[in-house]
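**Q** Here you go, one structure.
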Amino acid sequence: IVSRVGPALGLIGTLVPMGTALASLGQGDMSVMTSELVVAYTTTVVGLVIGSISYLVFVVRRRFAEDDIREMEFLTEKRFGGSYE
């Protein structure tokens, strides 16, 4: 869930300050526009980092689980022998 919600929140955090930045551009206030753009790009990066880290954790945990399942299957085959078809 986090690997999908993180980037979505990053996108929302990008779009909201962009509206204020565009409004300040129309009024000629470049300092407000600059600060809003910094917020917009920072939230994009944070959202992508959150998504990337959570996906990495998911992949590593899935790999451990698959290894455990393979080991259990091997031990079951070894103990009881043969196929169960």
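Every chain in the structure tokens has a letter given in the order shown (A, B, ...), and although residue numbers restart at 1 in each chain, ligands are simply numbered from 1 in the order shown.
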For range 5-18 of chain A, find every residue with an atom within 6 Å (counting only C-alpha atoms), except residues of its own chain fewer than 3 positions away, and show them as a ChimeraX atom specification.
**A** /A:2,21,36,40,43-44,47-48,50-51
**Q** Using Å and a single decimal, report how far CA of Leu56 in chain A sits from CA of Ser3 in chain A.
**A**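 Pair CA of Ser3 in chain A / CA of Leu56 in chain A returns 9.1 Å.
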**Q** With distances taken over only C-alpha atoms, which of A:Val38, A:Thr76, A:Val57, A:Arg4 is nearest to Thr20 in chain A?
**A**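 When distances to Thr20 in chain A are compared using only C-alpha atoms, the smallest one comes from A:Val38.
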